[in-house]
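Below is one structure, written out as structure tokens, with a few remarks after it.
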2 protein chains.
Amino acid sequence: MTPQRIDRSVLKELDIFATMADEDLDAVLQSAHTRRLATGVSVFNQGDPAAEFFALLHGRLKVTQTAPDGQQILVRHVHPGDIYGIAKAIRRSDYPGTATAVVESLTMVWPINQWDFLVARCPALAVNALATVGARLQEAHTRIRELGTEGVERRVAHALLRLVHQAGRKTDEGILIDFPITRLDIAEMTGATLHTVSRLLSAWEGRGLVSSSRKKIVVCNPHGLVALADGRAEQD
Amino acid sequence: MTPQRIDRSVLKELDIFATMADEDLDAVLQSAHTRRLATGVSVFNQGDPAAEFFALLHGRLKVTQTAPDGQQILVRHVHPGDIYGIAKAIRRSDYPGTATAVVESLTMVWPINQWDFLVARCPALAVNALATVGARLQEAHTRIRELGTEGVERRVAHALLRLVHQAGRKTDEGILIDFPITRLDIAEMTGATLHTVSRLLSAWEGRGLVSSSRKKIVVCNPHGLVALADGRAEQD
DNA sequence: CGGCGAGTTTGCGCAAGGACAAAGATGCAT
DNA sequence: ATGCATCTTTGTCCTTGCGCAAACTCGCCG
């Protein structure tokens with residue numbers, strides 16, 4: 001499938017471009033192209049020279065980071081409308097993580113040198129990017145606090161609620177996390193082992209809080225999960 | 001002591017203003033004033049409406065964040081030359097944490113409404129702030145990785161090395177962390193208890209890695225500490 | 001349609017480090 | 001000078017959740 005024509009209106013969906021004038025949007029479109037991503041394919045790898053930056057149009061990505069000793073964490077998921085891979089904006093010359101499609105996805109791509117050009121032309125871009133990165137920083141601090149002060153059960157509950165917030169879709173059994181996610185993914189998000197996550201989900205399933213199967217999680221009782229996350233013991 | 005006259009040259013020391021033209025610097029100075037902070041005094045408190053933003057000239061601050069359940073973490077230290085409290089830049093109307101002077105300090109202060117004004121006048125400000133926040137985000141991810149995958153000993157070793165990097169001063173016994181810091185502070189930086197931190201420092205002191213006393217830590221053998229942080233067992 | 005690989009479940013034992021407790025140092029304040 | 005608040009050390013016990021091991025299930029690919 002050949003890269004398709006993208007319309008200005010698509011860009012306006014992206015927070016980062018939302019405040020830009022039409023002619024600036026056209027300039028942004030000029031230098032962009034799109035790329036299809038099959039499930040499991042990586043957009044960039046940790047350590048690669050940062051040659052491009054991106055915005056996700058459809059699908060989902062996960063961003064992981066691996067330590068020298070091989071230990072891996074899941075940094076965040078990328079959802080439609082998010083920009084990502086903006087290493088240049090934070091003055092890195094390489095990507096600090098690896099971005100991988102967890103479902104078939106479609107992304108916009110810009111050559112990295114366009115960043116400075118676009119920012120010069122439209123300073124609001126830097127301001128918007130600052131807000132985006134700031135929001136990520138706050139979420140990171142929240143995770144640090146959880147990792148430092150809460151037990152595994154509460155951390156996993158928080159992570160699940162965050163996923164519900166980011167990618168929840170109502171169904172008749174409850175709220176579905178609307179992309180494939182494994183026990184290992186959740187373990188890497190929460191600093192647990194996949195074994196512990198599996199045990200927790202089994203226990204919760206028994207209590208009717210969630211309903212899960214292979215790569216799929218439905219939260220049946222969000223209220224109960226919030227109680228768990230807040231550390232209030234569940235009482236039936 | 002009355003607020004003293006600040007010179008342009010002072011601003012140029014701050015990363016965030018480093019690239020600005022002289023007349024812009026003067027505009028920045030116009031709206032600024034300075035404030036002395038006695039040890040233990042807070043500059044702003046978590047949840048306060050964000051009315052000002054700041055840059056530290058002398059001294060040290062610590063930024064803490066407290067969860068609803070009272071659990072606290074130490075988010076970071078603020079060093080001379082850092083800007084902080086820029087809630088507005090990341091579109092928050094309140095401060096997400098509390099900043100407290102750990103030694104007598106001197107800070108610059110701007111009314112928050114100056115932020116938009118200054119950014120409009122000098123877009124480089126947003127670009128520089130983006131780089132600063134980006135660097136903090138990367139550090140936060142590193143901490144998340146450590147918290148999720150490493151044991152307490154390695155985490156404390158990493159935290160200590162980071163402190164050495166940020167505020168190390170050579171002395172003849174080794175590298176001194178150049179501001180008062182308690183076991184509890186380190187515990188709140190690493191997700192440990194002050195008891196465990198105390199035990200670790202005692203053990204390390206026995207091995208000649210560090211030398212510590214009340215609110216004071218000297219790293220005697222940085223190389224050995226790096227070995228610990230990397231998870232390579234120490235062999236004498 | 002059968003096999004294989006990725007993902008999941010579950011059991012068991014153990015170790016890291018937290019909880020609790022109490023005593024000891026240090027230095028500031030009056 | 002002395003007393004108190006803050007910070008630190010150390011001991012003992014006990015829980016959390018990880019390590020290891022093994023079986024099981026699902027769905028896809030040939």
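So you can find residues: chains in the structure tokens are A, B, ... in the order shown, residues in each start at 1, and ligands are numbered from 1 in order.
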Go through chain C and flag each residue having an atom no more than 8 Å from chain B; for those, report the closest pair of atoms plus their distance in Å to one decimal, using only C-alpha atoms (C1' of nucleotides), ordered by chain and rising number, as a Markdown table.
| residue | atom | partner | partner_atom | distance |
| --- | --- | --- | --- | --- |
| C:DG17 | C1' | B:Thr196 | CA | 7.2 |
| C:DG18 | C1' | B:Thr193 | CA | 7.3 |
| C:DT26 | C1' | B:Arg214 | CA | 7.5 |
Using the selection just defined, write its residues with N, CA and C atoms (P, O5', C5', C4', C3', O3' and C1' of nucleotides) as a short mmCIF file (atom, residue, chain, number, x, y, z; two decimals), in the first residue's frame.
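Listing of part-v8.cif after writing:
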data_model
loop_
_atom_site.label_atom_id
_atom_site.label_comp_id
_atom_site.auth_asym_id
_atom_site.auth_seq_id
_atom_site.Cartn_x
_atom_site.Cartn_y
_atom_site.Cartn_z
P DG C 17 17.19 -6.07 48.89
"O5'" DG C 17 16.16 -5.50 49.95
"C5'" DG C 17 14.77 -5.55 49.66
"C4'" DG C 17 13.99 -5.37 50.92
"C3'" DG C 17 14.45 -4.21 51.82
"O3'" DG C 17 13.31 -3.59 52.34
"C1'" DG C 17 14.26 -6.11 53.08
P DG C 18 13.00 -2.07 52.11
"O5'" DG C 18 11.63 -1.91 52.93
"C5'" DG C 18 10.48 -2.62 52.45
"C4'" DG C 18 9.66 -3.15 53.61
"C3'" DG C 18 9.37 -2.12 54.69
"O3'" DG C 18 7.99 -2.16 55.01
"C1'" DG C 18 10.40 -4.04 55.64
P DT C 26 28.82 11.36 67.60
"O5'" DT C 26 28.27 12.73 67.02
"C5'" DT C 26 27.20 12.68 66.06
"C4'" DT C 26 26.31 13.88 66.24
"C3'" DT C 26 27.03 15.15 66.66
"O3'" DT C 26 27.01 16.00 65.54
"C1'" DT C 26 24.89 14.91 67.69
#
Identify, on the basis of only C-alpha atoms (C1' of nucleotides), every residue whose closest approach to DG7 of chain C does not exceed 10 Å; exclude the query and any residue fewer than 3 positions from it along the same chain; express the result as an NGL selection string.
-> (:A and (182-184 or 213-215)) or (:D and (25-26))
Go ahead and save the residues from that selection, with N, CA, C and O atoms (P, O5', C5', C4', C3', O3' and C1' of nucleotides), as a PDB file, in the first residue's frame.
ATOM      1  N   THR A 182       0.243  -8.409  27.303  1.00  0.00           N
ATOM      2  CA  THR A 182       0.533  -9.674  27.993  1.00  0.00           C
ATOM      3  C   THR A 182       0.830  -9.434  29.470  1.00  0.00           C
ATOM      4  O   THR A 182       1.063  -8.305  29.909  1.00  0.00           O
ATOM      5  N   ARG A 183       0.860 -10.526  30.230  1.00  0.00           N
ATOM      6  CA  ARG A 183       1.250 -10.466  31.639  1.00  0.00           C
ATOM      7  C   ARG A 183       2.668  -9.916  31.768  1.00  0.00           C
ATOM      8  O   ARG A 183       2.966  -9.170  32.700  1.00  0.00           O
ATOM      9  N   LEU A 184       3.509 -10.298  30.823  1.00  0.00           N
ATOM     10  CA  LEU A 184       4.892  -9.824  30.868  1.00  0.00           C
ATOM     11  C   LEU A 184       4.947  -8.307  30.671  1.00  0.00           C
ATOM     12  O   LEU A 184       5.719  -7.607  31.328  1.00  0.00           O
ATOM     13  N   SER A 213      -7.997 -13.039  29.270  1.00  0.00           N
ATOM     14  CA  SER A 213      -7.549 -14.220  28.551  1.00  0.00           C
ATOM     15  C   SER A 213      -6.272 -13.814  27.828  1.00  0.00           C
ATOM     16  O   SER A 213      -5.713 -12.765  28.094  1.00  0.00           O
ATOM     17  N   ARG A 214      -5.839 -14.650  26.961  1.00  0.00           N
ATOM     18  CA  ARG A 214      -4.576 -14.427  26.261  1.00  0.00           C
ATOM     19  C   ARG A 214      -4.492 -13.030  25.613  1.00  0.00           C
ATOM     20  O   ARG A 214      -5.240 -12.720  24.686  1.00  0.00           O
ATOM     21  N   LYS A 215      -3.579 -12.231  26.111  1.00  0.00           N
ATOM     22  CA  LYS A 215      -3.316 -10.890  25.554  1.00  0.00           C
ATOM     23  C   LYS A 215      -4.507  -9.947  25.637  1.00  0.00           C
ATOM     24  O   LYS A 215      -4.593  -8.978  24.885  1.00  0.00           O
TER      25      LYS A 215
ATOM     26  P    DT D  25      -5.119 -27.435  29.855  1.00  0.00           P
ATOM     27  O5'  DT D  25      -5.390 -26.130  29.002  1.00  0.00           O
ATOM     28  C5'  DT D  25      -5.125 -24.833  29.569  1.00  0.00           C
ATOM     29  C4'  DT D  25      -5.008 -23.820  28.445  1.00  0.00           C
ATOM     30  C3'  DT D  25      -5.788 -24.172  27.185  1.00  0.00           C
ATOM     31  O3'  DT D  25      -6.331 -22.961  26.704  1.00  0.00           O
ATOM     32  C1'  DT D  25      -3.565 -23.763  26.620  1.00  0.00           C
ATOM     33  P    DC D  26      -7.777 -22.927  26.076  1.00  0.00           P
ATOM     34  O5'  DC D  26      -7.546 -21.825  24.956  1.00  0.00           O
ATOM     35  C5'  DC D  26      -6.793 -20.658  25.305  1.00  0.00           C
ATOM     36  C4'  DC D  26      -5.865 -20.307  24.178  1.00  0.00           C
ATOM     37  C3'  DC D  26      -6.505 -20.350  22.792  1.00  0.00           C
ATOM     38  O3'  DC D  26      -6.617 -19.020  22.358  1.00  0.00           O
ATOM     39  C1'  DC D  26      -4.284 -21.248  22.808  1.00  0.00           C
TER      40       DC D  26
END
Pairwise distance, atom CA of Ala18 of chain B with atom CA of Leu130 of chain B, equals 14.0 Å
Take atom CA of Ile112 of chain A and atom CA of Phe53 of chain A and report the distance between them in Å, one decimal.
-> 5.8 Å
Which residues in segment 88-165 of chain B does DSSP call strand (DSSP E or B)? List them as a PDB file with C-alpha atoms, in the first residue's frame.
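Wrote it out as states.pdb, contents follow:
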ATOM      1  CA  ASP B  94      -0.753  24.121  40.855  1.00  0.00           C
ATOM      2  CA  THR B  98       7.002  20.889  47.542  1.00  0.00           C
ATOM      3  CA  ALA B  99      10.383  22.644  47.283  1.00  0.00           C
ATOM      4  CA  THR B 100      12.336  23.086  50.512  1.00  0.00           C
ATOM      5  CA  ALA B 101      15.722  24.688  51.133  1.00  0.00           C
ATOM      6  CA  SER B 105      19.668  29.618  49.617  1.00  0.00           C
ATOM      7  CA  LEU B 106      19.072  32.457  47.206  1.00  0.00           C
ATOM      8  CA  THR B 107      16.541  32.170  44.429  1.00  0.00           C
ATOM      9  CA  MET B 108      15.273  34.297  41.598  1.00  0.00           C
ATOM     10  CA  VAL B 109      11.519  34.658  41.338  1.00  0.00           C
ATOM     11  CA  TRP B 110       9.242  35.620  38.459  1.00  0.00           C
ATOM     12  CA  PRO B 111       5.496  36.102  38.487  1.00  0.00           C
TER      13      PRO B 111
END
Neighbouring residues of Ala229 of chain B were defined as those with any atom within 12 Å, considering only C-alpha atoms (C1' of nucleotides); residues of the same chain fewer than 4 positions away were excluded. Please report them as a PDB file with all heavy atoms, in the first residue's frame.
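Writing the result to part_21.pdb gives the following:
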ATOM      1  N   PRO A  68      21.949  -2.095  30.464  1.00  0.00           N
ATOM      2  CA  PRO A  68      23.126  -2.841  30.003  1.00  0.00           C
ATOM      3  C   PRO A  68      23.069  -4.307  30.422  1.00  0.00           C
ATOM      4  O   PRO A  68      23.493  -5.176  29.675  1.00  0.00           O
ATOM      5  CB  PRO A  68      24.291  -2.133  30.712  1.00  0.00           C
ATOM      6  CG  PRO A  68      23.798  -0.755  30.991  1.00  0.00           C
ATOM      7  CD  PRO A  68      22.320  -0.876  31.194  1.00  0.00           C
ATOM      8  N   ASP A  69      22.482  -4.581  31.604  1.00  0.00           N
ATOM      9  CA  ASP A  69      22.443  -5.964  32.068  1.00  0.00           C
ATOM     10  C   ASP A  69      21.271  -6.762  31.492  1.00  0.00           C
ATOM     11  O   ASP A  69      21.029  -7.890  31.884  1.00  0.00           O
ATOM     12  CB  ASP A  69      22.408  -6.002  33.600  1.00  0.00           C
ATOM     13  CG  ASP A  69      21.146  -5.348  34.163  1.00  0.00           C
ATOM     14  OD1 ASP A  69      20.260  -4.990  33.372  1.00  0.00           O
ATOM     15  OD2 ASP A  69      21.049  -5.205  35.389  1.00  0.00           O
TER      16      ASP A  69
ATOM     17  N   GLU B 146      15.527   1.386  37.440  1.00  0.00           N
ATOM     18  CA  GLU B 146      16.231   0.898  38.621  1.00  0.00           C
ATOM     19  C   GLU B 146      15.254   0.362  39.664  1.00  0.00           C
ATOM     20  O   GLU B 146      15.459  -0.710  40.229  1.00  0.00           O
ATOM     21  CB  GLU B 146      17.075   2.024  39.237  1.00  0.00           C
ATOM     22  CG  GLU B 146      18.291   2.394  38.401  1.00  0.00           C
ATOM     23  CD  GLU B 146      18.994   3.646  38.905  1.00  0.00           C
ATOM     24  OE1 GLU B 146      18.647   4.150  39.990  1.00  0.00           O
ATOM     25  OE2 GLU B 146      19.906   4.131  38.209  1.00  0.00           O
ATOM     26  N   GLU B 150      16.136  -3.495  39.936  1.00  0.00           N
ATOM     27  CA  GLU B 150      17.325  -3.688  40.771  1.00  0.00           C
ATOM     28  C   GLU B 150      16.952  -3.831  42.242  1.00  0.00           C
ATOM     29  O   GLU B 150      15.924  -3.334  42.684  1.00  0.00           O
ATOM     30  CB  GLU B 150      18.279  -2.494  40.617  1.00  0.00           C
ATOM     31  CG  GLU B 150      18.808  -2.324  39.209  1.00  0.00           C
ATOM     32  CD  GLU B 150      19.706  -1.104  39.077  1.00  0.00           C
ATOM     33  OE1 GLU B 150      19.812  -0.328  40.048  1.00  0.00           O
ATOM     34  OE2 GLU B 150      20.303  -0.928  38.005  1.00  0.00           O
ATOM     35  N   GLY B 151      17.819  -4.462  42.989  1.00  0.00           N
ATOM     36  CA  GLY B 151      17.644  -4.558  44.438  1.00  0.00           C
ATOM     37  C   GLY B 151      18.042  -3.254  45.102  1.00  0.00           C
ATOM     38  O   GLY B 151      18.605  -2.349  44.466  1.00  0.00           O
ATOM     39  N   VAL B 152      17.725  -3.166  46.397  1.00  0.00           N
ATOM     40  CA  VAL B 152      17.953  -1.921  47.122  1.00  0.00           C
ATOM     41  C   VAL B 152      19.415  -1.484  47.088  1.00  0.00           C
ATOM     42  O   VAL B 152      19.714  -0.314  46.898  1.00  0.00           O
ATOM     43  CB  VAL B 152      17.484  -2.058  48.585  1.00  0.00           C
ATOM     44  CG1 VAL B 152      17.922  -0.853  49.394  1.00  0.00           C
ATOM     45  CG2 VAL B 152      15.977  -2.173  48.637  1.00  0.00           C
ATOM     46  N   GLU B 153      20.324  -2.432  47.268  1.00  0.00           N
ATOM     47  CA  GLU B 153      21.732  -2.044  47.358  1.00  0.00           C
ATOM     48  C   GLU B 153      22.197  -1.320  46.095  1.00  0.00           C
ATOM     49  O   GLU B 153      22.810  -0.257  46.162  1.00  0.00           O
ATOM     50  CB  GLU B 153      22.611  -3.274  47.603  1.00  0.00           C
ATOM     51  CG  GLU B 153      24.076  -2.906  47.761  1.00  0.00           C
ATOM     52  CD  GLU B 153      24.923  -4.055  48.276  1.00  0.00           C
ATOM     53  OE1 GLU B 153      24.786  -5.181  47.745  1.00  0.00           O
ATOM     54  OE2 GLU B 153      25.730  -3.829  49.201  1.00  0.00           O
ATOM     55  N   ARG B 154      21.844  -1.873  44.939  1.00  0.00           N
ATOM     56  CA  ARG B 154      22.263  -1.242  43.685  1.00  0.00           C
ATOM     57  C   ARG B 154      21.587   0.107  43.517  1.00  0.00           C
ATOM     58  O   ARG B 154      22.191   1.060  43.025  1.00  0.00           O
ATOM     59  CB  ARG B 154      21.923  -2.142  42.490  1.00  0.00           C
ATOM     60  CG  ARG B 154      22.777  -3.394  42.431  1.00  0.00           C
ATOM     61  CD  ARG B 154      22.431  -4.212  41.184  1.00  0.00           C
ATOM     62  NE  ARG B 154      22.694  -3.466  39.958  1.00  0.00           N
ATOM     63  CZ  ARG B 154      22.367  -3.910  38.734  1.00  0.00           C
ATOM     64  NH1 ARG B 154      21.757  -5.073  38.607  1.00  0.00           N
ATOM     65  NH2 ARG B 154      22.648  -3.192  37.676  1.00  0.00           N
ATOM     66  N   ARG B 155      20.321   0.193  43.918  1.00  0.00           N
ATOM     67  CA  ARG B 155      19.611   1.471  43.764  1.00  0.00           C
ATOM     68  C   ARG B 155      20.255   2.568  44.604  1.00  0.00           C
ATOM     69  O   ARG B 155      20.439   3.690  44.137  1.00  0.00           O
ATOM     70  CB  ARG B 155      18.150   1.316  44.185  1.00  0.00           C
ATOM     71  CG  ARG B 155      17.378   0.322  43.338  1.00  0.00           C
ATOM     72  CD  ARG B 155      15.896   0.648  43.309  1.00  0.00           C
ATOM     73  NE  ARG B 155      15.261   0.707  44.602  1.00  0.00           N
ATOM     74  CZ  ARG B 155      14.665  -0.321  45.213  1.00  0.00           C
ATOM     75  NH1 ARG B 155      14.658  -1.517  44.655  1.00  0.00           N
ATOM     76  NH2 ARG B 155      14.071  -0.158  46.371  1.00  0.00           N
ATOM     77  N   VAL B 156      20.607   2.231  45.834  1.00  0.00           N
ATOM     78  CA  VAL B 156      21.234   3.234  46.689  1.00  0.00           C
ATOM     79  C   VAL B 156      22.597   3.623  46.128  1.00  0.00           C
ATOM     80  O   VAL B 156      22.965   4.803  46.120  1.00  0.00           O
ATOM     81  CB  VAL B 156      21.356   2.717  48.139  1.00  0.00           C
ATOM     82  CG1 VAL B 156      22.145   3.699  48.997  1.00  0.00           C
ATOM     83  CG2 VAL B 156      19.966   2.496  48.731  1.00  0.00           C
ATOM     84  N   ALA B 157      23.329   2.643  45.623  1.00  0.00           N
ATOM     85  CA  ALA B 157      24.625   2.947  45.021  1.00  0.00           C
ATOM     86  C   ALA B 157      24.444   3.908  43.846  1.00  0.00           C
ATOM     87  O   ALA B 157      25.163   4.907  43.716  1.00  0.00           O
ATOM     88  CB  ALA B 157      25.320   1.658  44.564  1.00  0.00           C
ATOM     89  N   HIS B 158      23.464   3.632  42.993  1.00  0.00           N
ATOM     90  CA  HIS B 158      23.200   4.520  41.862  1.00  0.00           C
ATOM     91  C   HIS B 158      22.826   5.921  42.328  1.00  0.00           C
ATOM     92  O   HIS B 158      23.297   6.924  41.768  1.00  0.00           O
ATOM     93  CB  HIS B 158      22.061   3.957  40.996  1.00  0.00           C
ATOM     94  CG  HIS B 158      22.526   3.010  39.941  1.00  0.00           C
ATOM     95  ND1 HIS B 158      22.011   1.738  39.794  1.00  0.00           N
ATOM     96  CD2 HIS B 158      23.464   3.139  38.982  1.00  0.00           C
ATOM     97  CE1 HIS B 158      22.615   1.130  38.779  1.00  0.00           C
ATOM     98  NE2 HIS B 158      23.503   1.957  38.273  1.00  0.00           N
ATOM     99  N   ALA B 159      21.981   5.995  43.338  1.00  0.00           N
ATOM    100  CA  ALA B 159      21.548   7.300  43.835  1.00  0.00           C
ATOM    101  C   ALA B 159      22.751   8.096  44.337  1.00  0.00           C
ATOM    102  O   ALA B 159      22.898   9.285  44.058  1.00  0.00           O
ATOM    103  CB  ALA B 159      20.513   7.127  44.936  1.00  0.00           C
ATOM    104  N   LEU B 160      23.621   7.419  45.055  1.00  0.00           N
ATOM    105  CA  LEU B 160      24.808   8.080  45.598  1.00  0.00           C
ATOM    106  C   LEU B 160      25.711   8.584  44.479  1.00  0.00           C
ATOM    107  O   LEU B 160      26.222   9.715  44.528  1.00  0.00           O
ATOM    108  CB  LEU B 160      25.577   7.082  46.476  1.00  0.00           C
ATOM    109  CG  LEU B 160      25.974   7.563  47.862  1.00  0.00           C
ATOM    110  CD1 LEU B 160      24.794   8.173  48.586  1.00  0.00           C
ATOM    111  CD2 LEU B 160      26.555   6.409  48.666  1.00  0.00           C
ATOM    112  N   LEU B 161      25.867   7.770  43.456  1.00  0.00           N
ATOM    113  CA  LEU B 161      26.720   8.177  42.340  1.00  0.00           C
ATOM    114  C   LEU B 161      26.110   9.378  41.623  1.00  0.00           C
ATOM    115  O   LEU B 161      26.816  10.279  41.178  1.00  0.00           O
ATOM    116  CB  LEU B 161      26.900   7.013  41.367  1.00  0.00           C
ATOM    117  CG  LEU B 161      27.783   5.885  41.900  1.00  0.00           C
ATOM    118  CD1 LEU B 161      27.725   4.670  40.982  1.00  0.00           C
ATOM    119  CD2 LEU B 161      29.223   6.364  42.047  1.00  0.00           C
ATOM    120  N   ARG B 162      24.785   9.392  41.526  1.00  0.00           N
ATOM    121  CA  ARG B 162      24.126  10.525  40.887  1.00  0.00           C
ATOM    122  C   ARG B 162      24.372  11.788  41.717  1.00  0.00           C
ATOM    123  O   ARG B 162      24.623  12.859  41.168  1.00  0.00           O
ATOM    124  CB  ARG B 162      22.630  10.227  40.767  1.00  0.00           C
ATOM    125  CG  ARG B 162      22.066  10.578  39.404  1.00  0.00           C
ATOM    126  CD  ARG B 162      20.649  10.054  39.247  1.00  0.00           C
ATOM    127  NE  ARG B 162      20.630   8.636  38.942  1.00  0.00           N
ATOM    128  CZ  ARG B 162      19.837   7.734  39.504  1.00  0.00           C
ATOM    129  NH1 ARG B 162      18.978   8.106  40.440  1.00  0.00           N
ATOM    130  NH2 ARG B 162      19.903   6.482  39.149  1.00  0.00           N
ATOM    131  N   PRO B 222      34.905   5.691  44.671  1.00  0.00           N
ATOM    132  CA  PRO B 222      33.858   5.769  43.649  1.00  0.00           C
ATOM    133  C   PRO B 222      33.866   4.541  42.741  1.00  0.00           C
ATOM    134  O   PRO B 222      32.808   4.037  42.367  1.00  0.00           O
ATOM    135  CB  PRO B 222      34.241   7.019  42.852  1.00  0.00           C
ATOM    136  CG  PRO B 222      35.122   7.800  43.751  1.00  0.00           C
ATOM    137  CD  PRO B 222      35.827   6.817  44.616  1.00  0.00           C
ATOM    138  N   HIS B 223      35.052   4.071  42.410  1.00  0.00           N
ATOM    139  CA  HIS B 223      35.156   2.931  41.504  1.00  0.00           C
ATOM    140  C   HIS B 223      34.474   1.696  42.085  1.00  0.00           C
ATOM    141  O   HIS B 223      33.717   1.002  41.408  1.00  0.00           O
ATOM    142  CB  HIS B 223      36.639   2.639  41.233  1.00  0.00           C
ATOM    143  CG  HIS B 223      36.853   1.594  40.195  1.00  0.00           C
ATOM    144  ND1 HIS B 223      36.901   0.243  40.499  1.00  0.00           N
ATOM    145  CD2 HIS B 223      37.000   1.684  38.860  1.00  0.00           C
ATOM    146  CE1 HIS B 223      37.087  -0.444  39.396  1.00  0.00           C
ATOM    147  NE2 HIS B 223      37.142   0.396  38.372  1.00  0.00           N
ATOM    148  N   GLY B 224      34.700   1.478  43.371  1.00  0.00           N
ATOM    149  CA  GLY B 224      34.055   0.349  44.033  1.00  0.00           C
ATOM    150  C   GLY B 224      32.545   0.498  44.056  1.00  0.00           C
ATOM    151  O   GLY B 224      31.800  -0.472  43.898  1.00  0.00           O
ATOM    152  N   LEU B 225      32.108   1.733  44.217  1.00  0.00           N
ATOM    153  CA  LEU B 225      30.674   1.984  44.263  1.00  0.00           C
ATOM    154  C   LEU B 225      30.043   1.744  42.882  1.00  0.00           C
ATOM    155  O   LEU B 225      28.936   1.213  42.777  1.00  0.00           O
ATOM    156  CB  LEU B 225      30.415   3.426  44.713  1.00  0.00           C
ATOM    157  CG  LEU B 225      29.078   3.697  45.388  1.00  0.00           C
ATOM    158  CD1 LEU B 225      28.881   2.790  46.579  1.00  0.00           C
ATOM    159  CD2 LEU B 225      28.985   5.160  45.799  1.00  0.00           C
ATOM    160  N   ALA B 233      29.663  -8.068  41.936  1.00  0.00           N
ATOM    161  CA  ALA B 233      29.970  -8.215  43.362  1.00  0.00           C
ATOM    162  C   ALA B 233      31.347  -7.617  43.632  1.00  0.00           C
ATOM    163  O   ALA B 233      32.253  -7.688  42.800  1.00  0.00           O
ATOM    164  CB  ALA B 233      29.942  -9.685  43.753  1.00  0.00           C
ATOM    165  N   GLU B 234      31.453  -6.990  44.786  1.00  0.00           N
ATOM    166  CA  GLU B 234      32.732  -6.418  45.211  1.00  0.00           C
ATOM    167  C   GLU B 234      33.683  -7.541  45.625  1.00  0.00           C
ATOM    168  O   GLU B 234      33.365  -8.355  46.470  1.00  0.00           O
ATOM    169  CB  GLU B 234      32.507  -5.521  46.433  1.00  0.00           C
ATOM    170  CG  GLU B 234      32.460  -4.055  46.112  1.00  0.00           C
ATOM    171  CD  GLU B 234      33.788  -3.529  45.652  1.00  0.00           C
ATOM    172  OE1 GLU B 234      34.080  -3.586  44.428  1.00  0.00           O
ATOM    173  OE2 GLU B 234      34.548  -3.042  46.490  1.00  0.00           O
TER     174      GLU B 234
END
Do a neighbour search on DA15 of chain C at 12 Å with only C-alpha atoms (C1' of nucleotides), toss out local chain neighbours closer than 3 positions, and write the hits as a PyMOL selection string.
-> (chain B and resi 151) or (chain D and resi 15-19)
